[in-house]
file target.cif (mmCIF, C-alpha atoms and all ligand atoms)
data_work
loop_
_atom_site.label_atom_id
_atom_site.label_comp_id
_atom_site.auth_asym_id
_atom_site.auth_seq_id
_atom_site.Cartn_x
_atom_site.Cartn_y
_atom_site.Cartn_z
CA MET A 1 83.82 100.00 64.75
CA TRP A 2 83.57 101.46 61.27
CA PHE A 3 83.37 105.03 62.60
CA GLN A 4 86.61 104.83 64.50
CA ASN A 5 88.37 103.32 61.52
CA ASN A 6 87.17 106.11 59.31
CA LYS A 7 87.88 109.08 61.54
CA LYS A 8 90.58 110.41 59.25
CA LYS A 9 88.85 109.55 56.02
CA ALA A 10 87.92 112.67 54.11
CA GLY A 11 85.02 112.75 51.72
CA ALA A 12 85.78 112.42 48.06
CA VAL A 13 87.18 115.61 46.62
CA LEU A 14 84.63 117.27 44.44
CA ALA A 15 85.56 119.11 41.33
CA LEU A 16 82.37 120.93 40.58
CA ALA A 17 81.51 121.26 36.97
CA ALA A 18 80.28 124.63 35.80
CA SER A 19 77.03 122.93 34.98
CA ALA A 20 76.06 123.00 38.65
CA ALA A 21 75.42 119.29 38.60
CA LEU A 22 77.55 116.38 39.51
CA LEU A 23 77.16 112.67 39.78
CA LEU A 24 79.26 110.41 41.89
CA SER A 25 78.82 106.72 41.63
CA SER A 26 80.68 103.90 43.22
CA CYS A 27 79.83 100.32 42.57
CA SER A 28 80.29 98.30 45.66
CA GLY A 29 78.13 95.38 44.84
CA GLY A 30 77.96 95.01 41.09
CA ASP A 31 76.65 97.07 38.22
CA ALA A 32 74.00 99.72 38.59
CA GLY A 33 71.28 97.49 37.27
CA ASN A 34 67.65 98.44 37.19
CA GLY A 35 66.73 98.14 40.82
CA GLY A 36 63.01 98.70 40.90
CA SER A 37 61.38 97.69 44.14
CA GLU A 38 62.98 94.28 43.96
CA GLY A 39 66.38 95.46 45.08
CA GLY A 40 69.20 96.46 42.81
CA SER A 41 72.79 95.48 42.56
CA GLU A 42 74.42 92.12 42.06
CA GLY A 43 75.85 92.40 45.55
CA GLY A 44 72.40 91.76 47.00
CA GLY A 45 71.84 95.26 48.30
CA ALA A 46 69.73 97.97 46.70
CA SER A 47 70.79 100.67 44.27
CA ILE A 48 70.34 103.90 46.21
CA THR A 49 70.60 107.45 44.91
CA PHE A 50 71.44 110.15 47.49
CA LEU A 51 70.37 113.73 46.92
CA PRO A 52 71.72 116.15 49.56
CA LYS A 53 70.54 119.76 49.91
CA ASN A 54 73.61 120.87 48.01
CA LEU A 55 77.02 119.62 46.94
CA GLY A 56 80.22 121.19 48.26
CA ASN A 57 78.78 121.33 51.80
CA PRO A 58 81.22 119.63 54.21
CA TYR A 59 78.29 118.33 56.26
CA PHE A 60 77.01 116.31 53.31
CA ASP A 61 80.56 115.32 52.38
CA ALA A 62 80.68 113.69 55.81
CA SER A 63 77.29 112.02 55.41
CA ARG A 64 78.50 110.64 52.06
CA THR A 65 81.37 108.88 53.84
CA GLY A 66 78.83 106.97 55.90
CA GLU A 67 76.53 106.29 52.93
CA GLU A 68 79.35 104.75 50.91
CA ALA A 69 80.59 102.69 53.83
CA ALA A 70 77.11 101.30 54.41
CA ALA A 71 76.57 100.47 50.72
CA GLY A 72 79.88 98.62 50.78
CA GLU A 73 78.73 96.60 53.78
CA PHE A 74 75.38 95.49 52.41
CA GLY A 75 76.58 95.11 48.83
CA GLY A 76 74.48 97.93 47.42
CA GLU A 77 74.97 100.47 44.70
CA PHE A 78 75.77 104.02 45.84
CA THR A 79 75.13 107.10 43.70
CA GLU A 80 75.16 110.75 44.75
CA VAL A 81 73.71 113.57 42.69
CA GLY A 82 72.82 117.12 43.61
CA PRO A 83 72.76 120.83 42.89
CA THR A 84 75.33 123.40 43.95
CA GLU A 85 72.60 125.70 45.26
CA ALA A 86 70.35 124.58 48.11
CA THR A 87 67.02 125.18 46.36
CA PRO A 88 64.03 122.86 45.86
CA ASP A 89 63.72 123.66 42.16
CA ALA A 90 67.25 122.47 41.61
CA GLN A 91 66.46 119.15 43.33
CA VAL A 92 63.43 118.26 41.18
CA SER A 93 65.34 117.35 38.01
CA PHE A 94 67.60 115.01 39.97
CA ILE A 95 64.56 113.27 41.46
CA ASN A 96 63.03 112.83 38.01
CA THR A 97 66.26 111.40 36.63
CA ALA A 98 66.61 108.93 39.50
CA THR A 99 63.03 107.79 38.78
CA GLN A 100 63.72 107.35 35.08
CA GLN A 101 66.89 105.41 35.84
CA GLY A 102 65.00 103.00 38.08
CA ALA A 103 66.79 103.57 41.36
CA ALA A 104 65.47 101.19 44.01
CA ALA A 105 65.57 103.95 46.61
CA LEU A 106 66.11 107.67 46.75
CA ALA A 107 67.41 109.38 49.90
CA VAL A 108 66.88 113.14 49.90
CA ALA A 109 67.59 116.05 52.27
CA ALA A 110 64.73 118.34 51.32
CA ASN A 111 65.18 122.04 50.57
CA ASP A 112 61.43 122.59 51.01
CA PRO A 113 58.76 120.47 52.73
CA GLN A 114 56.27 120.63 49.84
CA ALA A 115 57.92 121.86 46.63
CA ILE A 116 59.57 118.55 45.75
CA CYS A 117 56.56 116.41 46.70
CA ASP A 118 55.09 115.93 43.22
CA ALA A 119 58.42 114.64 41.95
CA LEU A 120 58.84 112.35 44.97
CA ASN A 121 55.34 110.94 44.66
CA GLU A 122 55.93 110.23 40.99
CA ALA A 123 59.07 108.38 42.01
CA ARG A 124 57.05 106.33 44.50
CA ASP A 125 54.42 105.59 41.85
CA ASN A 126 57.30 104.08 39.89
CA ASP A 127 58.37 101.80 42.74
CA VAL A 128 61.18 103.97 44.06
CA LYS A 129 61.31 103.92 47.86
CA VAL A 130 61.74 107.47 49.16
CA VAL A 131 63.63 108.22 52.36
CA THR A 132 64.25 111.74 53.59
CA PHE A 133 67.24 112.39 55.82
CA ASP A 134 68.46 115.51 57.64
CA SER A 135 65.59 117.70 56.34
CA ASP A 136 62.13 116.20 55.89
CA THR A 137 59.30 116.74 53.45
CA ASN A 138 55.70 116.57 54.54
CA PRO A 139 55.26 112.97 55.73
CA GLU A 140 52.89 111.98 52.91
CA CYS A 141 55.64 112.53 50.31
CA ARG A 142 58.10 109.92 51.60
CA ASP A 143 58.27 106.45 53.17
CA LEU A 144 60.68 107.22 56.03
CA PHE A 145 62.44 110.21 57.58
CA ILE A 146 65.87 109.59 59.13
CA ASN A 147 66.07 112.35 61.72
CA GLN A 148 69.46 113.23 63.18
CA ALA A 149 68.07 114.00 66.64
CA ASP A 150 64.87 115.03 68.34
CA ALA A 151 64.03 118.57 67.08
CA ALA A 152 63.17 119.93 70.53
CA GLY A 153 66.50 118.68 71.89
CA ILE A 154 68.41 120.32 69.04
CA ALA A 155 66.58 123.60 69.68
CA LYS A 156 67.08 123.51 73.45
CA ALA A 157 70.80 122.75 73.16
CA GLN A 158 71.27 125.87 71.04
CA VAL A 159 69.20 128.09 73.34
CA ASP A 160 71.02 126.79 76.41
CA MET A 161 74.40 127.50 74.81
CA ILE A 162 73.61 131.07 73.74
CA ALA A 163 71.97 131.84 77.09
CA GLU A 164 75.08 130.62 78.91
CA GLN A 165 77.40 132.52 76.59
CA ILE A 166 75.66 135.92 76.87
CA GLY A 167 74.70 135.70 80.54
CA GLY A 168 71.00 135.19 79.95
CA GLU A 169 70.11 138.61 78.53
CA GLY A 170 70.48 140.84 75.50
CA GLN A 171 69.90 140.92 71.76
CA ILE A 172 70.61 137.92 69.58
CA ALA A 173 70.10 137.15 65.90
CA ILE A 174 69.64 133.89 64.03
CA LEU A 175 71.63 133.15 60.87
CA SER A 176 69.82 130.29 59.17
CA ALA A 177 70.20 128.28 55.95
CA ALA A 178 67.64 128.48 53.10
CA ALA A 179 64.39 130.22 54.04
CA ASN A 180 62.27 127.12 53.33
CA ALA A 181 64.57 124.50 54.86
CA THR A 182 62.32 122.15 56.83
CA ASN A 183 64.88 121.26 59.45
CA GLN A 184 66.12 124.78 60.27
CA ASN A 185 62.58 126.18 60.34
CA ALA A 186 61.42 123.49 62.78
CA TRP A 187 64.41 124.15 65.05
CA ILE A 188 63.95 127.95 64.89
CA ASP A 189 60.26 127.71 65.84
CA LEU A 190 61.19 125.55 68.83
CA MET A 191 64.09 127.84 69.77
CA ASN A 192 61.75 130.83 69.80
CA GLU A 193 59.29 128.92 71.99
CA GLU A 194 62.06 127.93 74.38
CA LEU A 195 63.37 131.51 74.55
CA GLU A 196 59.93 132.91 75.24
CA ALA A 197 59.21 130.35 77.94
CA ASN A 198 62.53 130.35 79.77
CA HIS A 199 64.63 133.35 78.71
CA PRO A 200 62.42 136.46 78.69
CA ASP A 201 65.44 138.79 78.77
CA ILE A 202 66.83 137.50 75.48
CA GLU A 203 65.43 139.26 72.42
CA VAL A 204 65.71 137.82 68.89
CA VAL A 205 66.12 140.98 66.80
CA GLU A 206 66.18 139.28 63.39
CA THR A 207 66.42 135.95 61.57
CA VAL A 208 68.41 136.11 58.34
CA TYR A 209 69.08 133.48 55.68
CA GLY A 210 72.51 132.63 54.27
CA ASP A 211 71.08 129.91 51.97
CA ASP A 212 73.76 127.43 53.07
CA ASP A 213 76.10 129.45 50.87
CA ASP A 214 79.40 130.49 52.44
CA GLN A 215 79.65 133.98 50.95
CA THR A 216 75.99 134.85 51.50
CA SER A 217 76.27 133.72 55.13
CA PHE A 218 79.46 135.76 55.59
CA ASP A 219 77.81 138.89 54.17
CA LYS A 220 74.69 138.43 56.31
CA THR A 221 76.88 138.24 59.41
CA ALA A 222 78.57 141.51 58.52
CA ALA A 223 75.17 143.14 57.96
CA LEU A 224 73.84 141.92 61.32
CA LEU A 225 76.77 143.43 63.20
CA GLN A 226 76.36 146.70 61.34
CA THR A 227 72.61 146.90 61.90
CA TYR A 228 72.60 145.91 65.58
CA PRO A 229 75.50 147.52 67.47
CA GLU A 230 74.15 146.11 70.75
CA LEU A 231 74.04 142.54 69.45
CA LYS A 232 75.34 140.07 72.04
CA GLY A 233 75.10 136.83 70.14
CA ILE A 234 74.36 134.94 66.95
CA VAL A 235 72.87 131.45 66.73
CA SER A 236 73.47 129.70 63.42
CA PRO A 237 71.68 126.34 63.13
CA THR A 238 73.58 125.42 59.96
CA THR A 239 77.13 124.17 59.55
CA VAL A 240 77.69 126.45 56.55
CA GLY A 241 76.35 129.52 58.37
CA ILE A 242 78.22 129.06 61.63
CA ALA A 243 81.55 128.50 59.87
CA ALA A 244 81.11 131.61 57.70
CA ALA A 245 80.01 133.71 60.70
CA ALA A 246 83.03 132.48 62.70
CA ARG A 247 85.35 133.41 59.85
CA TYR A 248 83.88 136.92 59.79
CA LEU A 249 83.99 137.39 63.56
CA SER A 250 87.51 136.02 63.92
CA THR A 251 89.04 139.05 62.18
CA SER A 252 86.55 141.68 63.39
CA ASP A 253 86.36 143.85 66.51
CA ALA A 254 83.41 141.72 67.60
CA LYS A 255 85.64 138.69 68.17
CA GLY A 256 85.13 137.53 71.74
CA GLU A 257 82.50 140.26 72.24
CA VAL A 258 79.64 138.82 70.19
CA ALA A 259 79.00 135.18 71.06
CA LEU A 260 78.47 132.67 68.26
CA THR A 261 76.96 129.23 68.64
CA GLY A 262 74.71 126.81 66.78
CA LEU A 263 75.38 123.68 64.73
CA GLY A 264 78.81 123.14 63.21
CA THR A 265 81.25 120.44 62.22
CA PRO A 266 84.26 120.11 64.54
CA ASN A 267 86.66 120.17 61.58
CA GLN A 268 85.31 123.49 60.29
CA MET A 269 85.05 125.10 63.73
CA ARG A 270 88.28 123.89 65.35
CA GLU A 271 90.36 126.95 64.44
CA TYR A 272 87.68 129.31 65.79
CA VAL A 273 87.49 127.47 69.10
CA GLU A 274 91.28 127.58 69.31
CA ASP A 275 91.47 131.33 68.55
CA GLY A 276 88.68 132.23 71.02
CA THR A 277 86.02 133.28 68.50
CA VAL A 278 83.69 130.46 69.59
CA THR A 279 83.37 128.71 72.94
CA GLU A 280 80.82 125.98 72.30
CA PHE A 281 78.54 124.63 69.56
CA ALA A 282 76.78 121.32 68.82
CA LEU A 283 76.10 118.68 66.18
CA TRP A 284 75.45 114.98 65.73
CA ASN A 285 77.73 112.80 63.59
CA PRO A 286 76.74 113.30 59.93
CA GLU A 287 78.73 110.22 58.89
CA GLU A 288 76.49 108.17 61.14
CA LEU A 289 73.41 109.88 59.71
CA GLY A 290 74.44 108.89 56.19
CA TYR A 291 75.26 105.36 57.30
CA LEU A 292 71.89 104.91 59.02
CA THR A 293 70.04 106.42 56.05
CA ALA A 294 71.66 103.98 53.66
CA PHE A 295 70.74 100.97 55.82
CA ALA A 296 67.15 102.20 56.20
CA ALA A 297 66.78 102.78 52.44
CA ASN A 298 68.19 99.32 51.77
CA ALA A 299 65.84 97.69 54.27
CA LEU A 300 62.87 99.33 52.54
CA ALA A 301 63.99 98.62 48.99
CA THR A 302 64.74 94.97 49.63
CA GLY A 303 61.40 94.48 51.38
CA GLU A 304 62.93 93.76 54.79
CA ILE A 305 60.66 96.46 56.25
CA ALA A 306 57.53 98.21 55.02
CA GLY A 307 58.26 101.42 56.90
CA GLU A 308 55.44 100.95 59.41
CA GLU A 309 55.70 102.13 63.00
CA GLY A 310 57.37 99.40 65.04
CA ASP A 311 59.34 97.91 62.12
CA THR A 312 62.92 97.15 63.10
CA PHE A 313 66.06 96.86 61.00
CA GLU A 314 69.79 96.39 61.54
CA ALA A 315 72.06 99.32 60.69
CA GLY A 316 75.48 97.66 60.67
CA ASP A 317 77.78 98.97 63.42
CA LEU A 318 75.05 101.25 64.76
CA GLY A 319 72.87 98.31 65.74
CA GLU A 320 69.11 97.94 65.59
CA TYR A 321 66.70 100.81 64.92
CA THR A 322 62.93 101.00 65.18
CA VAL A 323 60.60 103.02 62.96
CA GLY A 324 58.65 105.45 65.13
CA ALA A 325 55.46 107.47 64.63
CA ASP A 326 55.06 109.19 61.22
CA GLY A 327 57.75 106.97 59.70
CA GLU A 328 60.53 108.61 61.67
CA VAL A 329 63.80 106.97 62.70
CA VAL A 330 65.96 108.99 65.11
CA LEU A 331 69.76 108.64 65.04
CA GLY A 332 70.53 109.84 68.57
CA GLU A 333 71.52 112.88 70.63
CA PRO A 334 73.49 115.95 69.58
CA THR A 335 76.94 116.44 71.11
CA ARG A 336 78.33 119.76 72.38
CA PHE A 337 81.86 120.61 71.25
CA ASN A 338 84.27 122.97 73.06
CA ALA A 339 87.99 123.36 73.73
CA ASP A 340 87.96 120.35 76.05
CA ASN A 341 86.69 117.77 73.56
CA ILE A 342 86.89 119.10 69.99
CA ASP A 343 90.12 117.27 69.22
CA ASP A 344 88.39 113.96 69.88
CA PHE A 345 86.32 114.40 66.71
CA ASP A 346 87.21 114.35 63.04
CA PHE A 347 84.30 115.14 60.74
C1 LIG B 1 73.86 122.40 57.09
C2 LIG B 1 72.59 121.95 56.41
C3 LIG B 1 72.02 120.71 57.04
C4 LIG B 1 71.94 120.85 58.55
C5 LIG B 1 73.29 121.20 59.13
C6 LIG B 1 73.21 121.41 60.62
O1 LIG B 1 74.92 121.57 56.71
O2 LIG B 1 71.67 123.00 56.47
O3 LIG B 1 70.74 120.49 56.53
O4 LIG B 1 71.45 119.69 59.14
O5 LIG B 1 73.74 122.41 58.51
#
call {"tool": "encode", "arguments": {"input": "target.cif", "output": "C-alpha cells"}}
result
Amino acid sequence: MWFQNNKKKAGAVLALAASAALLLSSCSGGDAGNGGSEGGSEGGGASITFLPKNLGNPYFDASRTGEEAAAGEFGGEFTEVGPTEATPDAQVSFINTATQQGAAALAVAANDPQAICDALNEARDNDVKVVTFDSDTNPECRDLFINQADAAGIAKAQVDMIAEQIGGEGQIAILSAAANATNQNAWIDLMNEELEANHPDIEVVETVYGDDDDQTSFDKTAALLQTYPELKGIVSPTTVGIAAAARYLSTSDAKGEVALTGLGTPNQMREYVEDGTVTEFALWNPEELGYLTAFAANALATGEIAGEEGDTFEAGDLGEYTVGADGEVVLGEPTRFNADNIDDFDF
C-alpha cells in the first residue's frame, strides 16, 4: 500500500517567501501544458492545481504528500499554490491565476463558503473543474466536495472525548480556526447541538478564533485560561489550534487540570500525549484526503465522471468511491489517538 510505504515521508520543506505566496510544482507526467477540460499533461492525467487554506500548516503538508503521490500514479501534473494567511481574500488571486493558466482542475480548501464563489464560478466558466476538499464552499460553486468524514461523526467524537475527559460537567471553551471556515463552523454547530441534547451539565463559555495561526491560537489559549478560572476543558477542532493550545498548557499550571481535545495530527501532538498534557484527540488521515482529492479531480477533468450522484471512480490504493448527494465524496471515519496507539501513526 502506498500509505504504508510513505509513513516516514515528510512533506516538502517550505521556505516561505516574504511575498506570502509560494508555488510548488512537480511534473510527474510531462510538461504543464494547457489542460482545459480535455485533460492536461503528457502522462495522460490532468493538470491539477491545489489551493489549501494556508501554506505552512502541517495538515496541508500531509495532504500534499498524498496529492503528489496520486498525480504520480495517474500521470498528472501537480501544482500547489496558496497564501500564508487562512483568509478567503488571499485565496481569490490564486484561483484567478489558475484559471488564466488553464489548469484542468482546481482543488481548494475554502476559507469561506461564499467569498471565493465568484472566482470559482469564473474558473468553471473557463472549463476548469472545481473540487473542494477539507472545507467546502456552497455546493453551487464547485463540482465535487471531498469530505474527510461525516460532519456529525466528527462533532460527536469531539464531544464524547471532552465529556469523558472532564467527567461530564463543567465549563468548556472552543478554540477554532478562522471565523468563516466552513468545516469548523459546521462541526461547532453540530457539537453545540450534541452538547445541548446529551450533556446538559457542560457549558460552552466562549468560542474563540485562532485563525489557523500558531501564535494567535497560543495567545487565545492564554486568554481563555485567564478569563475563565473555572474552565475544565478546551476543544480545538483545528490541528493548528490544538497543537498551539497543547504547547501553552504543557508549561502552565493548567497542565493536567484543564483537559484539551479536538482534531490534531499525531506527529504534532505526540509529545503532549507523552508528557500528560493531552489524553486523547482525533483526526482522519490527511495524506489519504489529498490522495482521494487528486483522483477525484482527475476523474472529473478527464471526463471519466461528470460528478453526478452515483458516479463511481477508482482512487488508486484507496479503491472505488461513489459520488453521494450534493456532489459529496466521503473519505471515511475519524480515528481517535491516545497513548496506546499514537506511535502507530506518522503524519
Ligand atoms: C486545520 C485546518 C483544516 C482542518 C484541520 C482539522 O489544519 O483548519 O481545515 O480540517 O485543522
call {"tool": "closest_residue", "arguments": {"input": "target.cif", "among": "A:Ala149, A:Ile234, A:Leu260, A:Ala163", "to": "ligand LIG 1 (chain B)", "atoms": "only C-alpha atoms and all ligand atoms"}}
result
A:Ala149
call {"tool": "closest_residue", "arguments": {"input": "target.cif", "among": "A:Phe281, A:Phe78, A:Phe50, A:Tyr291", "to": "Thr239 of chain A", "atoms": "all atoms listed in the file"}}
result
A:Phe281
call {"tool": "axis_aligned_box", "arguments": {"input": "target.cif", "around": "segment 96-102 of chain A", "padding_each_side": "8 Å", "output": "JSON"}}
result
{"center_x": 65.0, "center_y": 107.9, "center_z": 37.3, "size_x": 19.9, "size_y": 25.8, "size_z": 20.4}
call {"tool": "closest_atom_pairs", "arguments": {"input": "target.cif", "of": "chain A", "to": "ligand LIG 1 (chain B)", "cutoff": "6 Å", "atoms": "only C-alpha atoms and all ligand atoms", "output": "tab-separated table"}}
result
residue	atom	partner	partner_atom	distance
A:Tyr59	CA	B:LIG1	O1	4.7
A:Asp134	CA	B:LIG1	O4	5.4
A:Ser135	CA	B:LIG1	O3	5.9
A:Ala177	CA	B:LIG1	O2	5.5
A:Asp212	CA	B:LIG1	O2	6.0
A:Pro237	CA	B:LIG1	C6	5.7
A:Thr238	CA	B:LIG1	O5	3.3
A:Thr239	CA	B:LIG1	O5	4.0
A:Val240	CA	B:LIG1	C1	5.6
A:Leu263	CA	B:LIG1	C6	5.2
call {"tool": "atom_distance", "arguments": {"input": "target.cif", "atom1": "atom CA of Glu309 of chain A", "atom2": "atom CA of Phe145 of chain A"}}
result
11.8 Å
call {"tool": "atom_distance", "arguments": {"input": "target.cif", "atom1": "atom CA of Gly66 of chain A", "atom2": "atom CA of Cys117 of chain A"}}
result
25.9 Å
call {"tool": "atom_distance", "arguments": {"input": "target.cif", "atom1": "atom CA of Ala339 of chain A", "atom2": "atom CA of Gly167 of chain A"}}
result
19.4 Å
call {"tool": "residues_around", "arguments": {"input": "target.cif", "residues": "segment 122-131 of chain A", "least_positions_apart": "2", "cutoff": "10 Å", "atoms": "only C-alpha atoms", "output": "PyMOL selection string"}}
result
chain A and resi 35-38+48-50+95-100+102-109+117-120+133+136-137+141-146+293-294+296-298+300-302+306-307+327-328
call {"tool": "closest_residue", "arguments": {"input": "target.cif", "among": "A:Gly319, A:Gly43, A:Ala173, A:Tyr228", "to": "Gly72 of chain A", "atoms": "all atoms listed in the file"}}
result
A:Gly43
call {"tool": "closest_residue", "arguments": {"input": "target.cif", "among": "A:Glu320, A:Glu203, A:Glu85, A:Asp253", "to": "Ile162 of chain A", "atoms": "only C-alpha atoms"}}
result
A:Glu203
